[in-house]
$ cat model.tsv   # TSV, C-alpha atoms
chain	number	residue	atom	x	y	z
T	1	SER	CA	188.91	205.97	65.25
T	2	LEU	CA	186.79	203.45	67.14
T	3	ASP	CA	189.67	201.74	68.92
T	4	PHE	CA	187.46	200.10	71.49
T	5	LEU	CA	185.92	198.02	68.71
T	6	ASP	CA	189.35	196.65	67.75
T	7	ASP	CA	188.95	193.76	70.16
T	8	VAL	CA	185.68	192.76	68.51
T	9	ARG	CA	187.10	193.10	64.98
T	10	ARG	CA	189.86	190.68	65.79
T	11	MET	CA	187.46	187.99	66.95
T	12	ASN	CA	186.67	184.82	65.09
T	13	LYS	CA	183.23	183.16	65.05
T	14	ARG	CA	183.81	181.26	68.27
T	15	GLN	CA	185.02	184.29	70.14
T	16	LEU	CA	182.04	186.34	68.98
T	17	TYR	CA	179.71	183.60	70.12
T	18	TYR	CA	181.53	183.55	73.45
T	19	GLN	CA	180.94	187.30	73.90
T	20	VAL	CA	177.22	186.80	73.44
T	21	LEU	CA	177.32	183.71	75.64
T	22	ASN	CA	179.16	185.68	78.34
T	23	PHE	CA	176.36	188.24	78.30
T	24	ALA	CA	173.77	185.46	78.52
T	25	MET	CA	175.68	183.85	81.39
T	26	ILE	CA	175.67	187.07	83.39
T	27	VAL	CA	171.93	187.47	82.87
T	28	SER	CA	171.38	183.80	83.69
T	29	SER	CA	173.48	184.04	86.84
T	30	ALA	CA	171.49	186.99	88.09
T	31	LEU	CA	168.29	185.11	87.29
T	32	MET	CA	169.46	181.96	89.04
T	33	ILE	CA	170.50	183.88	92.14
T	34	TRP	CA	167.07	185.52	92.28
T	35	LYS	CA	165.22	182.24	91.75
T	36	GLY	CA	167.51	180.59	94.27
T	37	LEU	CA	166.60	183.21	96.85
T	38	ILE	CA	162.93	182.59	96.11
T	39	VAL	CA	163.33	178.86	96.71
T	40	VAL	CA	165.41	179.26	99.85
T	41	THR	CA	163.28	181.95	101.51
T	42	GLY	CA	159.92	180.60	100.41
T	43	SER	CA	158.91	184.12	99.44
T	44	GLU	CA	157.92	185.10	95.90
T	45	SER	CA	159.68	188.43	96.43
T	46	PRO	CA	162.56	187.94	98.85
T	47	ILE	CA	163.86	191.50	98.55
T	48	VAL	CA	161.51	194.47	98.64
T	49	VAL	CA	161.90	198.24	98.83
T	50	VAL	CA	159.91	200.34	101.29
T	51	LEU	CA	158.01	202.80	99.09
T	52	SER	CA	156.38	205.13	101.59
T	53	GLY	CA	156.87	206.62	105.00
T	54	SER	CA	153.88	204.83	106.51
T	55	MET	CA	156.07	202.76	108.83
T	56	GLU	CA	158.28	205.51	110.19
T	57	PRO	CA	160.26	205.53	112.40
T	58	ALA	CA	160.79	201.77	112.01
T	59	PHE	CA	161.31	201.83	108.22
T	60	HIS	CA	161.86	204.70	105.83
T	61	ARG	CA	161.21	205.17	102.14
T	62	GLY	CA	164.16	203.65	100.31
T	63	ASP	CA	164.99	200.96	102.86
T	64	LEU	CA	165.71	197.50	101.48
T	65	LEU	CA	164.07	194.57	103.29
T	66	PHE	CA	165.08	190.89	103.19
T	67	LEU	CA	162.11	188.56	103.62
T	68	THR	CA	161.42	184.95	104.43
T	69	ASN	CA	158.05	183.26	104.16
T	70	PHE	CA	158.18	179.98	106.01
T	71	HIS	CA	154.87	178.23	106.14
T	72	ASP	CA	154.93	177.62	109.87
T	73	ASP	CA	155.77	181.18	110.91
T	74	PRO	CA	152.89	182.29	113.12
T	75	ILE	CA	151.30	185.68	112.51
T	76	ARG	CA	150.88	187.56	115.76
T	77	ALA	CA	149.62	191.02	116.59
T	78	GLY	CA	152.48	193.51	116.83
T	79	GLU	CA	154.58	191.86	114.13
T	80	ILE	CA	155.48	193.46	110.84
T	81	VAL	CA	154.46	191.59	107.69
T	82	VAL	CA	154.83	192.28	103.98
T	83	PHE	CA	151.65	191.52	102.07
T	84	LYS	CA	150.02	192.05	98.70
T	85	VAL	CA	146.40	193.04	98.22
T	86	GLU	CA	144.65	190.69	95.78
T	87	GLY	CA	144.85	192.15	92.29
T	88	ARG	CA	147.59	194.68	93.12
T	89	ASP	CA	151.27	194.20	92.39
T	90	ILE	CA	152.82	196.37	95.03
T	91	PRO	CA	153.90	194.76	98.31
T	92	ILE	CA	152.98	196.71	101.44
T	93	VAL	CA	154.99	196.66	104.65
T	94	HIS	CA	152.76	197.23	107.70
T	95	ARG	CA	152.15	195.99	111.23
T	96	VAL	CA	149.59	193.36	112.26
T	97	ILE	CA	147.19	194.89	114.79
T	98	LYS	CA	144.41	192.29	115.09
T	99	VAL	CA	144.39	188.53	114.60
T	100	HIS	CA	141.52	186.02	114.51
T	101	GLU	CA	142.74	182.42	114.58
T	102	LYS	CA	140.76	179.20	114.18
T	103	GLY	CA	141.83	175.93	115.73
T	104	ASN	CA	142.89	174.49	112.36
T	105	GLY	CA	145.43	177.31	111.78
T	106	ASN	CA	143.26	179.50	109.54
T	107	ILE	CA	143.99	183.13	110.20
T	108	LYS	CA	142.38	186.46	109.47
T	109	PHE	CA	144.37	189.56	110.35
T	110	LEU	CA	144.19	193.34	110.09
T	111	THR	CA	147.14	195.62	109.39
T	112	LYS	CA	148.01	199.28	109.85
T	113	GLY	CA	151.03	201.43	109.10
T	114	ASP	CA	152.62	202.81	112.28
T	115	ASN	CA	152.65	206.28	110.80
T	116	ASN	CA	149.11	206.13	109.40
T	117	GLU	CA	145.97	207.51	111.09
T	118	VAL	CA	143.70	204.61	110.04
T	119	ASP	CA	143.99	200.88	109.50
T	120	ASP	CA	144.51	199.36	106.05
T	121	ARG	CA	140.88	198.45	105.30
T	122	GLY	CA	140.87	201.28	102.78
T	123	LEU	CA	143.68	199.55	100.93
T	124	TYR	CA	142.10	196.10	100.83
T	125	LYS	CA	139.87	194.89	98.01
T	126	GLU	CA	136.27	196.09	97.75
T	127	GLY	CA	134.34	194.32	100.50
T	128	GLN	CA	137.45	192.75	102.01
T	129	ASN	CA	137.98	193.45	105.71
T	130	TRP	CA	140.67	190.97	106.62
T	131	LEU	CA	143.87	189.58	105.16
T	132	GLU	CA	144.71	185.87	105.03
T	133	LYS	CA	147.90	183.85	105.04
T	134	LYS	CA	147.86	183.59	101.26
T	135	ASP	CA	148.24	187.36	101.00
T	136	VAL	CA	151.52	187.33	102.92
T	137	VAL	CA	154.68	187.83	100.86
T	138	GLY	CA	156.96	187.40	103.85
T	139	ARG	CA	158.34	188.71	107.14
T	140	ALA	CA	161.28	191.08	107.30
T	141	ARG	CA	164.37	189.33	108.63
T	142	GLY	CA	166.97	191.98	107.85
T	143	PHE	CA	167.23	195.41	106.29
T	144	LEU	CA	169.61	197.86	104.63
T	145	PRO	CA	168.82	201.56	104.86
T	146	TYR	CA	168.85	203.86	101.77
T	147	VAL	CA	169.99	201.15	99.31
T	148	GLY	CA	166.49	200.82	97.85
T	149	MET	CA	166.52	204.47	96.72
T	150	VAL	CA	168.29	203.32	93.54
T	151	THR	CA	165.25	201.19	92.65
T	152	ILE	CA	162.88	204.06	93.42
T	153	ILE	CA	164.89	206.44	91.21
T	154	MET	CA	165.00	203.92	88.38
T	155	ASN	CA	161.25	203.49	88.54
T	156	ASP	CA	160.57	207.20	88.64
T	157	TYR	CA	162.93	207.85	85.73
T	158	PRO	CA	162.66	204.82	83.42
T	159	LYS	CA	164.92	206.44	80.80
T	160	PHE	CA	167.74	206.37	83.34
T	161	LYS	CA	167.12	202.66	83.94
T	162	TYR	CA	167.20	201.81	80.22
T	163	ALA	CA	170.27	203.93	79.60
T	164	LEU	CA	172.11	202.24	82.47
T	165	LEU	CA	171.12	198.76	81.25
T	166	ALA	CA	172.12	199.63	77.67
T	167	VAL	CA	175.57	200.84	78.74
T	168	MET	CA	176.15	197.78	80.92
T	169	GLY	CA	175.00	195.48	78.12
T	170	ALA	CA	177.26	197.14	75.56
T	171	TYR	CA	180.23	196.94	77.90
T	172	VAL	CA	179.79	193.21	78.47
T	173	LEU	CA	179.22	192.46	74.79
T	174	LEU	CA	182.19	194.45	73.50
T	175	LYS	CA	184.81	193.85	76.18
T	176	ARG	CA	186.82	190.78	75.36
T	177	GLU	CA	186.69	188.13	78.07
T	178	SER	CA	189.27	185.36	78.41
D	1	MET	CA	194.70	186.78	51.98
D	2	ALA	CA	194.47	187.13	48.21
D	3	ALA	CA	192.03	189.49	46.50
D	4	LYS	CA	188.40	188.73	47.22
D	5	SER	CA	185.16	189.52	45.44
D	6	GLY	CA	183.32	192.80	46.06
D	7	ARG	CA	180.90	191.22	48.53
D	8	ASN	CA	183.75	190.30	50.88
D	9	GLY	CA	185.39	193.70	50.51
D	10	LEU	CA	183.40	195.08	53.44
D	11	LEU	CA	184.32	192.09	55.59
D	12	ASP	CA	187.99	192.66	54.79
D	13	LYS	CA	187.76	196.27	55.95
D	14	TRP	CA	186.17	195.09	59.20
D	15	LYS	CA	188.77	192.44	59.99
D	16	ILE	CA	192.13	193.76	61.12
D	17	ASP	CA	194.12	190.58	61.48
D	18	ASP	CA	197.29	192.20	60.14
D	19	LYS	CA	197.20	195.40	62.17
D	20	PRO	CA	199.72	195.29	65.02
D	21	VAL	CA	198.04	194.58	68.32
D	22	LYS	CA	197.61	197.70	70.43
D	23	ILE	CA	195.96	197.55	73.82
D	24	ASP	CA	195.72	199.49	77.04
D	25	LYS	CA	198.87	198.41	78.82
D	26	TRP	CA	197.23	198.83	82.23
D	27	ASP	CA	194.33	196.53	81.36
D	28	GLY	CA	195.46	193.15	82.67
D	29	SER	CA	192.93	191.05	80.82
D	30	ALA	CA	193.62	192.79	77.49
D	31	VAL	CA	197.35	192.20	77.96
D	32	LYS	CA	196.83	188.51	78.71
D	33	ASN	CA	194.44	188.10	75.78
D	34	SER	CA	196.85	189.65	73.30
D	35	LEU	CA	199.79	187.57	74.57
D	36	ASP	CA	197.65	184.42	74.37
D	37	ASP	CA	196.46	185.30	70.86
D	38	SER	CA	199.97	185.97	69.64
D	39	ALA	CA	201.28	182.71	71.10
D	40	LYS	CA	198.46	180.97	69.23
D	41	LYS	CA	199.48	182.76	66.04
D	42	VAL	CA	203.06	181.57	66.37
D	43	LEU	CA	202.05	177.94	66.75
D	44	LEU	CA	199.42	178.03	64.04
D	45	GLU	CA	201.13	180.23	61.46
D	46	LYS	CA	204.84	179.61	61.97
D	47	TYR	CA	204.72	175.92	62.76
D	48	LYS	CA	201.59	175.27	60.76
D	49	TYR	CA	199.76	173.23	63.37
D	50	VAL	CA	196.05	172.68	63.05
D	51	GLU	CA	193.80	173.96	65.82
D	52	ASN	CA	191.54	171.41	67.45
D	53	PHE	CA	188.39	173.08	68.61
D	54	ARG	CA	187.01	170.20	70.61
D	55	LEU	CA	187.96	171.58	74.06
D	56	ILE	CA	186.74	175.07	73.24
D	57	ASP	CA	183.53	173.84	71.68
D	58	GLY	CA	182.97	171.64	74.72
D	59	ARG	CA	183.23	174.68	76.97
D	60	LEU	CA	180.89	176.71	74.78
D	61	MET	CA	178.43	173.82	74.84
D	62	ILE	CA	178.44	173.55	78.64
D	63	CYS	CA	177.89	177.29	79.02
D	64	THR	CA	175.08	177.21	76.46
D	65	ILE	CA	173.40	174.36	78.29
D	66	SER	CA	173.64	176.29	81.57
D	67	CYS	CA	171.86	179.21	79.95
D	68	LEU	CA	169.21	176.85	78.63
D	69	PHE	CA	168.64	175.56	82.17
D	70	ALA	CA	168.16	179.14	83.31
D	71	ILE	CA	165.68	179.80	80.48
D	72	VAL	CA	163.78	176.61	81.28
D	73	ALA	CA	163.58	177.67	84.93
D	74	LEU	CA	162.29	181.09	83.89
D	75	ILE	CA	159.61	179.72	81.56
D	76	TRP	CA	158.51	176.98	83.97
D	77	ASP	CA	158.18	179.48	86.77
D	78	TYR	CA	156.14	181.76	84.52
D	79	LEU	CA	153.75	178.99	83.49
D	80	HIS	CA	153.40	177.42	86.95
D	81	PRO	CA	153.84	180.26	89.39
D	82	PHE	CA	155.74	179.71	92.60
D	83	PRO	CA	155.36	177.71	94.77
D	84	GLU	CA	154.42	174.90	92.35
D	85	SER	CA	157.62	175.53	90.39
D	86	LYS	CA	159.81	174.97	93.45
D	87	PRO	CA	161.32	171.56	92.51
D	88	VAL	CA	162.15	172.61	88.94
D	89	LEU	CA	163.63	175.90	90.10
D	90	ALA	CA	165.67	174.19	92.80
D	91	PHE	CA	167.06	171.73	90.24
D	92	CYS	CA	168.06	174.39	87.73
D	93	VAL	CA	169.51	176.68	90.38
D	94	VAL	CA	171.69	173.96	91.88
D	95	SER	CA	172.85	172.52	88.56
D	96	TYR	CA	173.82	175.94	87.19
D	97	PRO	CA	176.93	176.53	89.30
D	98	LEU	CA	177.80	172.83	89.10
D	99	GLN	CA	178.02	173.05	85.32
D	100	ILE	CA	180.23	176.12	85.54
D	101	LEU	CA	182.56	174.37	87.96
D	102	VAL	CA	182.85	171.34	85.72
D	103	THR	CA	184.05	173.38	82.73
D	104	PRO	CA	187.76	172.82	82.10
D	105	LYS	CA	189.65	176.08	82.27
D	106	GLY	CA	193.08	177.48	81.56
D	107	ILE	CA	194.04	175.81	78.29
D	108	PHE	CA	193.36	178.18	75.42
D	109	LEU	CA	194.84	176.29	72.51
D	110	VAL	CA	194.87	172.65	71.52
D	111	ALA	CA	196.71	172.12	68.23
D	112	HIS	CA	197.64	169.05	66.30
D	113	ARG	CA	200.68	168.31	64.25
D	114	LYS	CA	199.60	165.88	61.65
D	115	ASP	CA	202.10	163.14	60.90
D	116	PRO	CA	203.39	163.87	57.39
D	117	ALA	CA	203.39	160.19	56.50
D	118	GLY	CA	199.78	159.97	57.62
D	119	MET	CA	200.44	156.82	59.62
D	120	ASP	CA	201.04	157.78	63.28
D	121	PRO	CA	198.45	159.50	65.44
D	122	ASP	CA	198.86	163.29	65.73
D	123	ASP	CA	201.11	164.98	68.23
D	124	VAL	CA	199.18	167.39	70.41
D	125	TRP	CA	200.38	170.79	71.62
D	126	GLN	CA	198.53	172.64	74.37
D	127	LEU	CA	198.96	176.22	75.48
D	128	SER	CA	197.89	177.63	78.80
D	129	SER	CA	198.86	180.84	80.53
D	130	SER	CA	198.39	182.89	83.63
D	131	LEU	CA	198.72	186.53	84.58
D	132	LYS	CA	197.79	187.49	88.11
D	133	ARG	CA	195.73	190.61	88.70
D	134	PHE	CA	197.84	193.75	88.99
D	135	ASP	CA	200.96	191.65	88.44
D	136	ASP	CA	203.30	192.05	85.49
D	137	LYS	CA	204.60	188.48	85.36
D	138	TYR	CA	203.09	186.47	82.52
D	139	THR	CA	203.55	182.69	82.49
D	140	LEU	CA	203.13	180.75	79.26
D	141	LYS	CA	203.09	176.96	79.47
D	142	LEU	CA	203.46	174.73	76.43
D	143	THR	CA	202.60	171.04	76.75
D	144	PHE	CA	203.62	168.47	74.18
D	145	ILE	CA	201.87	165.09	74.02
D	146	SER	CA	203.46	162.64	71.64
D	147	GLY	CA	200.97	160.91	69.39
D	148	LYS	CA	203.05	157.77	69.25
D	149	THR	CA	204.22	157.27	72.84
D	150	LYS	CA	201.48	159.30	74.62
D	151	GLN	CA	204.31	160.78	76.68
D	152	GLN	CA	203.73	164.29	77.97
D	153	ARG	CA	206.38	167.02	78.26
D	154	GLU	CA	206.00	170.63	79.35
D	155	ALA	CA	208.00	173.81	79.19
D	156	GLU	CA	207.12	177.26	80.44
D	157	PHE	CA	208.51	180.72	80.85
D	158	THR	CA	207.61	183.56	83.18
D	159	LYS	CA	208.52	187.03	82.02
D	160	SER	CA	207.45	190.54	82.78
D	161	ILE	CA	204.96	191.87	80.25
D	162	ALA	CA	207.11	194.97	80.02
D	163	LYS	CA	209.50	192.94	77.87
D	164	PHE	CA	206.89	192.48	75.15
D	165	PHE	CA	204.96	195.74	75.00
D	166	ASP	CA	206.22	199.18	74.11
D	167	ASN	CA	205.16	202.35	75.90
D	168	ASN	CA	202.07	202.78	73.73
D	169	GLY	CA	200.75	199.32	74.47
D	170	THR	CA	201.70	197.85	71.11
D	171	LEU	CA	202.81	194.23	71.24
D	172	VAL	CA	206.32	193.90	69.84
D	173	MET	CA	206.26	190.59	68.01
D	174	GLU	CA	210.04	190.74	67.45
D	175	ALA	CA	210.49	190.39	71.21
D	176	TYR	CA	207.66	187.91	71.87
D	177	GLU	CA	207.84	185.50	68.95
D	178	PRO	CA	211.37	184.26	69.71
D	179	GLU	CA	210.31	183.43	73.30
D	180	VAL	CA	207.44	181.31	72.09
D	181	SER	CA	209.57	179.66	69.43
D	182	LYS	CA	212.27	178.92	72.02
D	183	LEU	CA	209.67	177.21	74.18
D	184	HIS	CA	208.46	175.17	71.24
D	185	ASP	CA	211.88	174.23	69.97
D	186	SER	CA	213.01	173.07	73.42
D	187	LEU	CA	210.23	170.52	73.45
D	188	ALA	CA	210.57	169.57	69.80
D	189	LEU	CA	214.31	169.05	70.19
D	190	GLU	CA	213.86	166.62	73.07
D	191	ARG	CA	211.60	164.62	70.86
D	192	LYS	CA	214.16	164.28	68.13
D	193	THR	CA	217.00	163.23	70.37
D	194	LYS	CA	215.00	160.54	72.23

$ encode --input "model.tsv" --output "structure tokens"
Amino acid sequence: SLDFLDDVRRMNKRQLYYQVLNFAMIVSSALMIWKGLIVVTGSESPIVVVLSGSMEPAFHRGDLLFLTNFHDDPIRAGEIVVFKVEGRDIPIVHRVIKVHEKGNGNIKFLTKGDNNEVDDRGLYKEGQNWLEKKDVVGRARGFLPYVGMVTIIMNDYPKFKYALLAVMGAYVLLKRES
Amino acid sequence: MAAKSGRNGLLDKWKIDDKPVKIDKWDGSAVKNSLDDSAKKVLLEKYKYVENFRLIDGRLMICTISCLFAIVALIWDYLHPFPESKPVLAFCVVSYPLQILVTPKGIFLVAHRKDPAGMDPDDVWQLSSSLKRFDDKYTLKLTFISGKTKQQREAEFTKSIAKFFDNNGTLVMEAYEPEVSKLHDSLALERKTK
């Protein structure tokens, strides 16, 4: 029979509530760690996955990047930045190739993927030729190769993602915690 | 449990309070949980003490509040996107682990023995236990706090879990219950002779 449910059947109201609470605590902890990283790094997306091969051989598809976005970090030609084009969700990891800087700190810069033939103007918004500081998501401070492939697989096969989350959720809810 | 109406019949089939406890003997946390539960049963059913839920409810409350902080942080961040939400986020993120740390741990039963005459304040019995990961030695500690004198006495035993479970992982109450009772009686006896 369904022996694994025995633990749940023996639970009183409080213990059942604690199982649900335990699940909520795990979700909350993950959330707090993520938000904490956002606060500490100053970046709205402190961990990103490289989605294409446009920066090979420096970065490969599936690499995981750790970002910081400190306000006073200067943007100089030759440096790699992670930015978002206005209106698009996906962060892009490319190199800064041209910078125009005003005395007051205002910056306009142009980017290009190392492995691309042309600069990124084709990726920018209609009529936009330069990026500004507000478009920057962060600068890569560290990286882990291959680890991001899991995220890419889960996005390409959403059913796999939901199945994995469902199994993990069921496990936490049904396994009795002290 | 006497006969219940038809509506509760389904609930009765679901609950298996009387079935002997059978767990995976290699699963440390299941072993500890079943030993803790059975110790609770001895104190509550054999000695007829009344469970006081205040400590447990307090813990549940703190954990619930922590989750609420997390939800507040999530909603605030959604309504006022980063970086405006920074101070609120920072507050919730820092207070979250603090609340977890503050939660009292270890004690899994607080039970009261009501004074039969109804005059003296209740005696309080507390149970706590420990079972290290991958270890087979289970320690059960019983604490007695006299309602009258506020004096505190403790007794504990450490035994291998192999003494209480058979090969299939079924808890053998005939081996476990006397150990718990012995612990209890040793403390109760001291009380009478003082």

$ closest_atom_pairs --input "model.tsv" --of "chain D" --to "chain T" --cutoff "9 Å" --atoms "only C-alpha atoms" --output "CSV"
residue,atom,partner,partner_atom,distance
D:Trp14,CA,T:Arg9,CA,6.2
D:Lys15,CA,T:Arg9,CA,5.3
D:Ile16,CA,T:Arg10,CA,6.0
D:Asp17,CA,T:Arg10,CA,6.1
D:Val21,CA,T:Asp6,CA,9.0
D:Lys22,CA,T:Asp6,CA,8.7
D:Ile23,CA,T:Asp7,CA,8.8
D:Ser29,CA,T:Ser178,CA,7.2
D:Ala30,CA,T:Arg176,CA,7.4
D:Lys32,CA,T:Ser178,CA,8.2
D:Asn33,CA,T:Ser178,CA,6.4
D:Ile56,CA,T:Arg14,CA,8.5
D:Asp57,CA,T:Arg14,CA,8.2
D:Leu60,CA,T:Tyr18,CA,7.0
D:Cys63,CA,T:Leu21,CA,7.3
D:Thr64,CA,T:Leu21,CA,6.9
D:Ser66,CA,T:Met25,CA,7.8
D:Cys67,CA,T:Ser28,CA,5.9
D:Leu68,CA,T:Ser28,CA,8.9
D:Phe69,CA,T:Ser28,CA,8.8
D:Ala70,CA,T:Ser28,CA,5.7
D:Ile71,CA,T:Ser28,CA,7.7
D:Ala73,CA,T:Met32,CA,8.4
D:Leu74,CA,T:Leu31,CA,8.0
D:Phe82,CA,T:Glu44,CA,6.7
D:Pro83,CA,T:Gly42,CA,7.8
D:Lys86,CA,T:Val39,CA,6.2
D:Pro87,CA,T:Val39,CA,8.7
D:Leu89,CA,T:Lys35,CA,6.7
D:Ala90,CA,T:Val39,CA,6.5
D:Cys92,CA,T:Met32,CA,7.8
D:Val93,CA,T:Met32,CA,5.4
D:Val94,CA,T:Gly36,CA,8.2
D:Tyr96,CA,T:Met32,CA,7.7
D:Pro97,CA,T:Ser29,CA,8.6
D:Phe108,CA,T:Ser178,CA,8.8

$ closest_residue --input "model.tsv" --among "T:Glu132, T:His94, T:Val50, T:Asp156" --to "Asn115 (chain T)" --atoms "only C-alpha atoms"
T:His94

$ atom_distance --input "model.tsv" --atom1 "CA of Lys134 (chain T)" --atom2 "CA of Leu64 (chain T)"
22.6 Å

$ residues_near_point --input "model.tsv" --point "(148.9, 192.6, 98.2)" --cutoff "12 Å" --atoms "all atoms listed in the file" --output "PDB file with C-alpha atoms, keeping the file's coordinate frame"
ATOM      1  CA  GLU T  44     157.920 185.100  95.900  1.00  0.00           C
ATOM      2  CA  SER T  45     159.680 188.430  96.430  1.00  0.00           C
ATOM      3  CA  VAL T  81     154.460 191.590 107.690  1.00  0.00           C
ATOM      4  CA  VAL T  82     154.830 192.280 103.980  1.00  0.00           C
ATOM      5  CA  PHE T  83     151.650 191.520 102.070  1.00  0.00           C
ATOM      6  CA  LYS T  84     150.020 192.050  98.700  1.00  0.00           C
ATOM      7  CA  VAL T  85     146.400 193.040  98.220  1.00  0.00           C
ATOM      8  CA  GLU T  86     144.650 190.690  95.780  1.00  0.00           C
ATOM      9  CA  GLY T  87     144.850 192.150  92.290  1.00  0.00           C
ATOM     10  CA  ARG T  88     147.590 194.680  93.120  1.00  0.00           C
ATOM     11  CA  ASP T  89     151.270 194.200  92.390  1.00  0.00           C
ATOM     12  CA  ILE T  90     152.820 196.370  95.030  1.00  0.00           C
ATOM     13  CA  PRO T  91     153.900 194.760  98.310  1.00  0.00           C
ATOM     14  CA  ILE T  92     152.980 196.710 101.440  1.00  0.00           C
ATOM     15  CA  VAL T  93     154.990 196.660 104.650  1.00  0.00           C
ATOM     16  CA  HIS T  94     152.760 197.230 107.700  1.00  0.00           C
ATOM     17  CA  THR T 111     147.140 195.620 109.390  1.00  0.00           C
ATOM     18  CA  ASP T 120     144.510 199.360 106.050  1.00  0.00           C
ATOM     19  CA  LEU T 123     143.680 199.550 100.930  1.00  0.00           C
ATOM     20  CA  TYR T 124     142.100 196.100 100.830  1.00  0.00           C
ATOM     21  CA  LYS T 125     139.870 194.890  98.010  1.00  0.00           C
ATOM     22  CA  TRP T 130     140.670 190.970 106.620  1.00  0.00           C
ATOM     23  CA  LEU T 131     143.870 189.580 105.160  1.00  0.00           C
ATOM     24  CA  GLU T 132     144.710 185.870 105.030  1.00  0.00           C
ATOM     25  CA  LYS T 133     147.900 183.850 105.040  1.00  0.00           C
ATOM     26  CA  LYS T 134     147.860 183.590 101.260  1.00  0.00           C
ATOM     27  CA  ASP T 135     148.240 187.360 101.000  1.00  0.00           C
ATOM     28  CA  VAL T 136     151.520 187.330 102.920  1.00  0.00           C
ATOM     29  CA  VAL T 137     154.680 187.830 100.860  1.00  0.00           C
ATOM     30  CA  GLY T 138     156.960 187.400 103.850  1.00  0.00           C
TER      31      GLY T 138
END

$ residues_near_point --input "model.tsv" --point "(200.3, 165.9, 70.1)" --cutoff "7 Å" --atoms "all atoms listed in the file" --output "PyMOL selection string"
chain D and resi 112-113+122-125+144-147
